[in-house]
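Trainee: File follows, entry17.pdb with PDB, C-alpha atoms:
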ATOM      1  CA  MET M   1       0.000   0.000   0.000  1.00  0.00           C
ATOM      2  CA  SER M   2       1.603   3.278  -1.042  1.00  0.00           C
ATOM      3  CA  GLN M   3       1.269   6.189   1.300  1.00  0.00           C
ATOM      4  CA  ASP M   4       0.925   9.709  -0.069  1.00  0.00           C
ATOM      5  CA  ARG M   5       3.664  11.849   1.410  1.00  0.00           C
ATOM      6  CA  ILE M   6       2.542  14.761   3.521  1.00  0.00           C
ATOM      7  CA  VAL M   7       4.156  18.077   2.682  1.00  0.00           C
ATOM      8  CA  LEU M   8       4.243  20.581   5.519  1.00  0.00           C
ATOM      9  CA  THR M   9       5.900  23.512   3.725  1.00  0.00           C
ATOM     10  CA  ASN M  10       4.166  26.831   4.617  1.00  0.00           C
ATOM     11  CA  GLN M  11       2.416  25.198   7.584  1.00  0.00           C
ATOM     12  CA  PHE M  12       2.594  25.727  11.320  1.00  0.00           C
ATOM     13  CA  LEU M  13       3.699  22.839  13.486  1.00  0.00           C
ATOM     14  CA  ILE M  14       2.079  23.250  16.888  1.00  0.00           C
ATOM     15  CA  ALA M  15       3.630  21.286  19.754  1.00  0.00           C
ATOM     16  CA  MET M  16       1.138  19.130  21.618  1.00  0.00           C
ATOM     17  CA  PRO M  17       0.919  19.545  25.391  1.00  0.00           C
ATOM     18  CA  GLY M  18       3.304  17.109  26.984  1.00  0.00           C
ATOM     19  CA  MET M  19       5.948  17.552  24.273  1.00  0.00           C
ATOM     20  CA  ALA M  20       8.893  15.842  25.958  1.00  0.00           C
ATOM     21  CA  ASP M  21      11.573  17.786  24.073  1.00  0.00           C
ATOM     22  CA  GLU M  22      12.196  20.960  26.106  1.00  0.00           C
ATOM     23  CA  ALA M  23      13.437  22.749  22.991  1.00  0.00           C
ATOM     24  CA  PHE M  24       9.949  22.484  21.477  1.00  0.00           C
ATOM     25  CA  ALA M  25       7.524  22.479  24.426  1.00  0.00           C
ATOM     26  CA  GLY M  26       4.826  25.097  23.754  1.00  0.00           C
ATOM     27  CA  SER M  27       6.277  25.939  20.333  1.00  0.00           C
ATOM     28  CA  VAL M  28       4.773  27.060  17.075  1.00  0.00           C
ATOM     29  CA  VAL M  29       7.146  26.353  14.172  1.00  0.00           C
ATOM     30  CA  TYR M  30       6.802  27.935  10.724  1.00  0.00           C
ATOM     31  CA  MET M  31       7.825  25.276   8.192  1.00  0.00           C
ATOM     32  CA  CYS M  32      10.136  26.713   5.521  1.00  0.00           C
ATOM     33  CA  GLU M  33      10.935  23.459   3.773  1.00  0.00           C
ATOM     34  CA  HIS M  34       9.748  19.844   3.919  1.00  0.00           C
ATOM     35  CA  ASN M  35      10.705  17.216   1.399  1.00  0.00           C
ATOM     36  CA  GLU M  36      11.964  13.639   1.196  1.00  0.00           C
ATOM     37  CA  LYS M  37      15.353  14.720   2.617  1.00  0.00           C
ATOM     38  CA  GLY M  38      13.892  16.219   5.797  1.00  0.00           C
ATOM     39  CA  ALA M  39      12.417  19.432   7.139  1.00  0.00           C
ATOM     40  CA  LEU M  40      13.467  22.904   8.237  1.00  0.00           C
ATOM     41  CA  GLY M  41      11.442  25.405  10.241  1.00  0.00           C
ATOM     42  CA  LEU M  42      11.703  28.368  12.596  1.00  0.00           C
ATOM     43  CA  VAL M  43      10.106  28.641  16.041  1.00  0.00           C
ATOM     44  CA  ILE M  44       8.054  31.880  15.988  1.00  0.00           C
ATOM     45  CA  ASN M  45       6.978  32.221  19.617  1.00  0.00           C
ATOM     46  CA  LYS M  46      10.105  32.002  21.789  1.00  0.00           C
ATOM     47  CA  PRO M  47      11.846  35.372  22.108  1.00  0.00           C
ATOM     48  CA  ILE M  48      15.326  35.389  23.638  1.00  0.00           C
ATOM     49  CA  SER M  49      16.884  38.155  25.732  1.00  0.00           C
ATOM     50  CA  MET M  50      18.579  39.779  22.711  1.00  0.00           C
ATOM     51  CA  THR M  51      16.931  42.651  20.819  1.00  0.00           C
ATOM     52  CA  LEU M  52      17.349  43.286  17.099  1.00  0.00           C
ATOM     53  CA  GLY M  53      19.349  46.382  18.017  1.00  0.00           C
ATOM     54  CA  ASN M  54      21.803  44.189  20.003  1.00  0.00           C
ATOM     55  CA  LEU M  55      22.055  41.759  17.090  1.00  0.00           C
ATOM     56  CA  PHE M  56      22.853  44.540  14.612  1.00  0.00           C
ATOM     57  CA  GLU M  57      25.583  45.845  16.932  1.00  0.00           C
ATOM     58  CA  LYS M  58      27.067  42.328  17.202  1.00  0.00           C
ATOM     59  CA  VAL M  59      27.355  42.088  13.412  1.00  0.00           C
ATOM     60  CA  GLU M  60      28.697  45.660  13.240  1.00  0.00           C
ATOM     61  CA  LEU M  61      25.738  47.244  11.475  1.00  0.00           C
ATOM     62  CA  SER M  62      23.746  50.326  12.455  1.00  0.00           C
ATOM     63  CA  PRO M  63      20.492  49.252  14.092  1.00  0.00           C
ATOM     64  CA  PRO M  64      17.355  49.943  12.037  1.00  0.00           C
ATOM     65  CA  LYS M  65      15.504  53.124  12.912  1.00  0.00           C
ATOM     66  CA  GLY M  66      12.331  53.071  14.990  1.00  0.00           C
ATOM     67  CA  GLU M  67      10.700  50.363  17.025  1.00  0.00           C
ATOM     68  CA  VAL M  68      12.178  47.543  14.937  1.00  0.00           C
ATOM     69  CA  SER M  69      15.419  47.809  16.949  1.00  0.00           C
ATOM     70  CA  SER M  70      13.675  47.131  20.240  1.00  0.00           C
ATOM     71  CA  GLY M  71      11.955  44.028  18.878  1.00  0.00           C
ATOM     72  CA  PRO M  72      13.147  40.633  20.074  1.00  0.00           C
ATOM     73  CA  VAL M  73      15.318  38.077  18.374  1.00  0.00           C
ATOM     74  CA  TYR M  74      13.734  34.612  18.585  1.00  0.00           C
ATOM     75  CA  TYR M  75      14.992  31.133  19.349  1.00  0.00           C
ATOM     76  CA  GLY M  76      14.484  29.479  15.970  1.00  0.00           C
ATOM     77  CA  GLY M  77      15.532  26.027  17.095  1.00  0.00           C
ATOM     78  CA  PRO M  78      18.491  24.035  18.367  1.00  0.00           C
ATOM     79  CA  VAL M  79      20.414  23.733  15.066  1.00  0.00           C
ATOM     80  CA  GLN M  80      23.127  26.315  14.240  1.00  0.00           C
ATOM     81  CA  ALA M  81      22.088  28.456  17.211  1.00  0.00           C
ATOM     82  CA  GLU M  82      24.770  31.070  16.447  1.00  0.00           C
ATOM     83  CA  ARG M  83      23.445  31.705  12.923  1.00  0.00           C
ATOM     84  CA  GLY M  84      20.768  34.231  12.013  1.00  0.00           C
ATOM     85  CA  PHE M  85      17.652  33.478   9.977  1.00  0.00           C
ATOM     86  CA  VAL M  86      15.341  36.237   8.744  1.00  0.00           C
ATOM     87  CA  LEU M  87      11.738  35.276   8.015  1.00  0.00           C
ATOM     88  CA  HIS M  88      10.045  37.974   5.938  1.00  0.00           C
ATOM     89  CA  GLU M  89       7.272  38.737   3.509  1.00  0.00           C
ATOM     90  CA  PRO M  90       8.044  38.008  -0.140  1.00  0.00           C
ATOM     91  CA  LEU M  91       9.857  40.803  -1.910  1.00  0.00           C
ATOM     92  CA  ASP M  92       7.913  42.264  -4.784  1.00  0.00           C
ATOM     93  CA  ALA M  93       9.320  41.980  -8.276  1.00  0.00           C
ATOM     94  CA  THR M  94      10.938  45.423  -8.054  1.00  0.00           C
ATOM     95  CA  GLY M  95      12.497  44.714  -4.664  1.00  0.00           C
ATOM     96  CA  GLY M  96      15.119  42.387  -6.027  1.00  0.00           C
ATOM     97  CA  HIS M  97      16.368  39.522  -3.931  1.00  0.00           C
ATOM     98  CA  TYR M  98      19.014  38.587  -1.405  1.00  0.00           C
ATOM     99  CA  ASN M  99      22.024  36.324  -1.843  1.00  0.00           C
ATOM    100  CA  ALA M 100      20.670  33.391   0.153  1.00  0.00           C
ATOM    101  CA  THR M 101      16.885  33.308   0.217  1.00  0.00           C
ATOM    102  CA  LEU M 102      14.630  30.284   0.397  1.00  0.00           C
ATOM    103  CA  VAL M 103      11.277  31.120  -1.194  1.00  0.00           C
ATOM    104  CA  VAL M 104       8.588  29.121   0.588  1.00  0.00           C
ATOM    105  CA  PRO M 105       6.014  28.134  -2.067  1.00  0.00           C
ATOM    106  CA  GLY M 106       2.794  30.046  -1.396  1.00  0.00           C
ATOM    107  CA  GLY M 107       4.274  31.561   1.741  1.00  0.00           C
ATOM    108  CA  LEU M 108       7.037  33.719   3.121  1.00  0.00           C
ATOM    109  CA  GLU M 109      10.755  33.940   2.400  1.00  0.00           C
ATOM    110  CA  MET M 110      13.662  33.019   4.667  1.00  0.00           C
ATOM    111  CA  THR M 111      17.001  34.737   4.138  1.00  0.00           C
ATOM    112  CA  THR M 112      20.290  33.745   5.749  1.00  0.00           C
ATOM    113  CA  SER M 113      22.663  36.174   4.026  1.00  0.00           C
ATOM    114  CA  ARG M 114      23.962  39.383   5.623  1.00  0.00           C
ATOM    115  CA  ASP M 115      22.573  41.564   2.806  1.00  0.00           C
ATOM    116  CA  VAL M 116      19.040  41.435   4.267  1.00  0.00           C
ATOM    117  CA  LEU M 117      20.393  42.858   7.552  1.00  0.00           C
ATOM    118  CA  GLU M 118      22.312  45.523   5.634  1.00  0.00           C
ATOM    119  CA  ALA M 119      19.106  46.503   3.817  1.00  0.00           C
ATOM    120  CA  LEU M 120      17.201  46.720   7.124  1.00  0.00           C
ATOM    121  CA  SER M 121      20.029  48.754   8.624  1.00  0.00           C
ATOM    122  CA  ASN M 122      19.710  51.255   5.769  1.00  0.00           C
ATOM    123  CA  GLY M 123      15.946  51.582   6.187  1.00  0.00           C
ATOM    124  CA  ALA M 124      15.214  49.370   3.190  1.00  0.00           C
ATOM    125  CA  GLY M 125      14.497  45.675   3.107  1.00  0.00           C
ATOM    126  CA  PRO M 126      11.345  43.813   4.003  1.00  0.00           C
ATOM    127  CA  LYS M 127       8.826  45.733   6.110  1.00  0.00           C
ATOM    128  CA  ARG M 128       7.861  42.824   8.356  1.00  0.00           C
ATOM    129  CA  VAL M 129      10.500  40.448   9.668  1.00  0.00           C
ATOM    130  CA  LEU M 130      11.032  37.843  12.354  1.00  0.00           C
ATOM    131  CA  VAL M 131      14.696  37.179  13.114  1.00  0.00           C
ATOM    132  CA  THR M 132      15.824  33.976  14.791  1.00  0.00           C
ATOM    133  CA  LEU M 133      19.066  32.492  15.955  1.00  0.00           C
ATOM    134  CA  GLY M 134      19.113  28.844  15.022  1.00  0.00           C
ATOM    135  CA  TYR M 135      16.579  26.709  13.233  1.00  0.00           C
ATOM    136  CA  SER M 136      14.604  23.529  13.741  1.00  0.00           C
ATOM    137  CA  GLY M 137      15.636  20.618  11.566  1.00  0.00           C
ATOM    138  CA  TRP M 138      14.473  17.057  11.071  1.00  0.00           C
ATOM    139  CA  ALA M 139      16.112  14.212   9.168  1.00  0.00           C
ATOM    140  CA  ALA M 140      14.211  12.318   6.475  1.00  0.00           C
ATOM    141  CA  GLY M 141      11.101  10.725   8.001  1.00  0.00           C
ATOM    142  CA  GLN M 142      11.792  12.048  11.515  1.00  0.00           C
ATOM    143  CA  LEU M 143       9.071  14.710  11.527  1.00  0.00           C
ATOM    144  CA  GLU M 144       6.499  12.323  10.061  1.00  0.00           C
ATOM    145  CA  GLU M 145       7.337   9.892  12.874  1.00  0.00           C
ATOM    146  CA  GLU M 146       6.904  12.606  15.540  1.00  0.00           C
ATOM    147  CA  ILE M 147       3.529  13.578  14.038  1.00  0.00           C
ATOM    148  CA  GLY M 148       2.526   9.903  14.023  1.00  0.00           C
ATOM    149  CA  ARG M 149       3.293   9.780  17.764  1.00  0.00           C
ATOM    150  CA  ASN M 150       0.953  12.783  18.313  1.00  0.00           C
ATOM    151  CA  GLY M 151       3.836  15.170  18.974  1.00  0.00           C
ATOM    152  CA  TRP M 152       2.577  17.901  16.648  1.00  0.00           C
ATOM    153  CA  LEU M 153      -0.574  19.348  15.144  1.00  0.00           C
ATOM    154  CA  THR M 154      -0.325  20.957  11.704  1.00  0.00           C
ATOM    155  CA  VAL M 155      -2.289  23.752  10.053  1.00  0.00           C
ATOM    156  CA  ASP M 156      -1.807  26.147   7.131  1.00  0.00           C
ATOM    157  CA  ALA M 157       0.376  29.038   8.273  1.00  0.00           C
ATOM    158  CA  ALA M 158      -1.092  32.510   8.747  1.00  0.00           C
ATOM    159  CA  PRO M 159       1.445  35.347   8.378  1.00  0.00           C
ATOM    160  CA  GLU M 160      -0.643  37.618  10.634  1.00  0.00           C
ATOM    161  CA  ILE M 161       0.120  35.289  13.559  1.00  0.00           C
ATOM    162  CA  ILE M 162       3.862  35.680  12.891  1.00  0.00           C
ATOM    163  CA  PHE M 163       3.899  39.436  12.302  1.00  0.00           C
ATOM    164  CA  ASP M 164       0.806  40.948  13.974  1.00  0.00           C
ATOM    165  CA  THR M 165       0.007  38.754  16.991  1.00  0.00           C
ATOM    166  CA  PRO M 166       1.627  39.408  20.384  1.00  0.00           C
ATOM    167  CA  VAL M 167       4.112  36.609  21.088  1.00  0.00           C
ATOM    168  CA  GLU M 168       2.266  35.342  24.168  1.00  0.00           C
ATOM    169  CA  GLN M 169      -0.876  34.770  22.032  1.00  0.00           C
ATOM    170  CA  ARG M 170       0.711  32.990  19.057  1.00  0.00           C
ATOM    171  CA  TYR M 171       0.319  29.428  20.382  1.00  0.00           C
ATOM    172  CA  GLU M 172      -3.399  29.875  21.135  1.00  0.00           C
ATOM    173  CA  ARG M 173      -4.024  31.732  17.864  1.00  0.00           C
ATOM    174  CA  ALA M 174      -2.286  28.976  15.865  1.00  0.00           C
ATOM    175  CA  LEU M 175      -4.449  26.362  17.619  1.00  0.00           C
ATOM    176  CA  GLY M 176      -7.445  28.589  16.883  1.00  0.00           C
ATOM    177  CA  LEU M 177      -6.785  28.101  13.152  1.00  0.00           C
ATOM    178  CA  LEU M 178      -7.737  24.461  13.797  1.00  0.00           C
ATOM    179  CA  GLY M 179     -10.697  25.421  15.970  1.00  0.00           C
ATOM    180  CA  VAL M 180      -8.928  23.865  18.965  1.00  0.00           C
ATOM    181  CA  ASP M 181      -9.066  25.216  22.510  1.00  0.00           C
ATOM    182  CA  PRO M 182      -5.699  24.480  24.181  1.00  0.00           C
ATOM    183  CA  ARG M 183      -7.496  23.451  27.387  1.00  0.00           C
ATOM    184  CA  MET M 184      -9.215  20.633  25.478  1.00  0.00           C
ATOM    185  CA  LEU M 185      -5.966  18.957  24.393  1.00  0.00           C
ATOM    186  CA  SER M 186      -4.902  15.883  26.320  1.00  0.00           C
ATOM    187  CA  GLN M 187      -1.301  15.055  27.036  1.00  0.00           C
ATOM    188  CA  GLU M 188      -2.148  11.410  26.482  1.00  0.00           C
ATOM    189  CA  ALA M 189      -1.677  10.004  23.006  1.00  0.00           C
ATOM    190  CA  GLY M 190      -4.555   7.950  21.704  1.00  0.00           C
ATOM    191  CA  HIS M 191      -5.776   6.483  18.481  1.00  0.00           C
ATOM    192  CA  ALA M 192      -9.376   6.061  17.399  1.00  0.00           C
TER     193      ALA M 192
END
I'd like the structure from this file rewritten - as structure tokens, please.

Mentor:
Amino acid sequence: MSQDRIVLTNQFLIAMPGMADEAFAGSVVYMCEHNEKGALGLVINKPISMTLGNLFEKVELSPPKGEVSSGPVYYGGPVQAERGFVLHEPLDATGGHYNATLVVPGGLEMTTSRDVLEALSNGAGPKRVLVTLGYSGWAAGQLEEEIGRNGWLTVDAAPEIIFDTPVEQRYERALGLLGVDPRMLSQEAGHA
């Protein structure tokens, strides 16, 4: 019996209550890529103690003007925790592109090259961004196995939850896309 492969690109992964892995407990992950080789995503609801202004100073760039500088940097996941990842709205055709950008089909863009930070520093660049240190990665079949063990719920991603929703409300709002009340979720795995 052949099984159709699930593709979770441009989806939210929502950690189930009782997620044993501390790195992901209470997390909402935006999935940037998911294919037969594995998966890559960014946690969108775990700010760290660093602000964007601090990050720009660390990489020797002028911080962006305005409130952007006081915004948090997020924990994107346990892989390459010293490396920056910039999740942003797609650039329009006139906006050009950056050196290392992954275009998420039907969704956002994720840039890992310094040029996006330089553009933000100069007052250009994408208007809405979420910057993480590190990313979340899964080997081939690993994420599917975790979903099969009731570790994650999945739903189509909504950019307004990433960019417009206060961080402390993102988990509940992501569950709300499924019509799920977090208080109704059991920590016990079960199969009908």

Trainee: As a list in words, please: the residues near M:Phe12 (cut-off 8 Å, all atoms listed in the file, same-chain neighbours under 6 positions excluded).

Mentor: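 Neighbouring residues, sequence-local ones excluded: Val28, Val29, Tyr30, Met31, Thr154, Val155, Asp156, Ala157 and Ala174 of chain M.
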
Trainee: Could you tell me which residues the PyMOL selection byres ((chain M and resi 74) around 12) grabs in this file, written as a ChimeraX atom specification?

Mentor: /M:27-29,42-52,55,71-73,75-78,81-87,129-135,162,167

Trainee: Counting all atoms listed in the file, what is within 12 Å of M:Asn35, bar same-chain residues fewer than 2 positions away, as a list of chain:residue names?

Mentor: M:Arg5, M:Ile6, M:Val7, M:Leu8, M:Thr9, M:Met31, M:Cys32, M:Glu33, M:Lys37, M:Gly38, M:Ala39, M:Leu40, M:Gly137, M:Trp138, M:Ala139, M:Ala140, M:Gly141, M:Gln142, M:Leu143, M:Glu144

Trainee: Let me see the file: selected residues, C-alpha atoms, as a CSV table (one decimal), in the coordinates of the input.

Mentor:
chain,number,residue,atom,x,y,z
M,5,ARG,CA,3.7,11.8,1.4
M,6,ILE,CA,2.5,14.8,3.5
M,7,VAL,CA,4.2,18.1,2.7
M,8,LEU,CA,4.2,20.6,5.5
M,9,THR,CA,5.9,23.5,3.7
M,31,MET,CA,7.8,25.3,8.2
M,32,CYS,CA,10.1,26.7,5.5
M,33,GLU,CA,10.9,23.5,3.8
M,37,LYS,CA,15.4,14.7,2.6
M,38,GLY,CA,13.9,16.2,5.8
M,39,ALA,CA,12.4,19.4,7.1
M,40,LEU,CA,13.5,22.9,8.2
M,137,GLY,CA,15.6,20.6,11.6
M,138,TRP,CA,14.5,17.1,11.1
M,139,ALA,CA,16.1,14.2,9.2
M,140,ALA,CA,14.2,12.3,6.5
M,141,GLY,CA,11.1,10.7,8.0
M,142,GLN,CA,11.8,12.0,11.5
M,143,LEU,CA,9.1,14.7,11.5
M,144,GLU,CA,6.5,12.3,10.1

Trainee: Can you tell me, as AutoDock Vina command-line options, the centre and edge lengths (Å, one decimal) of the axis-aligned box enclosing all of stretch 105-120 of chain M's listed atoms after padding each side by 5 Å?

Mentor:
--center_x 13.4 --center_y 37.4 --center_z 2.7 --size_x 31.2 --size_y 28.6 --size_z 19.6

Trainee: Hey, can you check how far atom CA of M:Glu146 sits from atom CA of M:Glu89?

Mentor: 28.8 Å

Trainee: Quick one: residues within 8 Å of M:Ala25, only C-alpha atoms counted, chain neighbours fewer than 5 positions away excluded, as a list in words?

Mentor: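 What passes the distance filter is Ala15, Met16, Pro17, Gly18, Met19 and Ala20 of chain M.
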
Trainee: Given only C-alpha atoms as the basis, pick out the residue of M:Leu153, M:Leu185, M:Leu120, M:Leu177 nearest to M:Pro64.

Mentor: M:Leu120

Trainee: Pick out the closest residue to M:Ile161 from this set: M:Gly176, M:Pro90, M:Gly66, M:Gly148. Count all atoms listed in the file.

Mentor: M:Gly176

Trainee: Just to confirm, what's the straight-line distance from atom CA of M:Ala124 to atom CA of M:Lys65 in Å (one decimal)?

Mentor: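 Atom CA of M:Lys65 lies at a distance of 10.4 Å from atom CA of M:Ala124.
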
Trainee: Considering all atoms listed in the file, state which residue in the set M:Val180, M:Glu118, M:Arg149, M:Pro166 is at the smallest distance from M:Val59.

Mentor: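 Going through M:Val180, M:Glu118, M:Arg149, M:Pro166 one by one, the smallest distance to M:Val59 is for M:Glu118.
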
Trainee: Pull stretch 19-31 of chain M out of the block and emit N, CA and C atoms, as a CSV table (one decimal), in the first residue's frame.

Mentor:
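Writing the result to part-v3.csv gives the following:
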chain,number,residue,atom,x,y,z
M,19,MET,N,4.8,17.7,25.1
M,19,MET,CA,5.9,17.6,24.3
M,19,MET,C,7.2,17.3,25.2
M,20,ALA,N,7.8,16.2,25.1
M,20,ALA,CA,8.9,15.8,26.0
M,20,ALA,C,10.2,16.7,25.7
M,21,ASP,N,10.4,17.1,24.4
M,21,ASP,CA,11.6,17.8,24.1
M,21,ASP,C,11.4,19.2,24.5
M,22,GLU,N,12.3,19.6,25.5
M,22,GLU,CA,12.2,21.0,26.1
M,22,GLU,C,12.4,22.0,25.0
M,23,ALA,N,13.2,21.8,24.0
M,23,ALA,CA,13.4,22.7,23.0
M,23,ALA,C,12.2,23.1,22.3
M,24,PHE,N,11.1,22.2,22.3
M,24,PHE,CA,9.9,22.5,21.5
M,24,PHE,C,8.7,22.6,22.3
M,25,ALA,N,8.7,22.4,23.6
M,25,ALA,CA,7.5,22.5,24.4
M,25,ALA,C,6.9,23.8,24.2
M,26,GLY,N,5.6,23.8,23.9
M,26,GLY,CA,4.8,25.1,23.8
M,26,GLY,C,5.2,25.9,22.5
M,27,SER,N,5.8,25.2,21.5
M,27,SER,CA,6.3,25.9,20.3
M,27,SER,C,5.3,25.9,19.2
M,28,VAL,N,5.4,27.0,18.4
M,28,VAL,CA,4.8,27.1,17.1
M,28,VAL,C,5.9,27.2,16.1
M,29,VAL,N,6.0,26.3,15.1
M,29,VAL,CA,7.1,26.4,14.2
M,29,VAL,C,6.6,26.7,12.8
M,30,TYR,N,7.2,27.7,12.1
M,30,TYR,CA,6.8,27.9,10.7
M,30,TYR,C,7.7,27.1,9.9
M,31,MET,N,7.1,26.2,9.0
M,31,MET,CA,7.8,25.3,8.2
M,31,MET,C,8.3,25.9,6.9
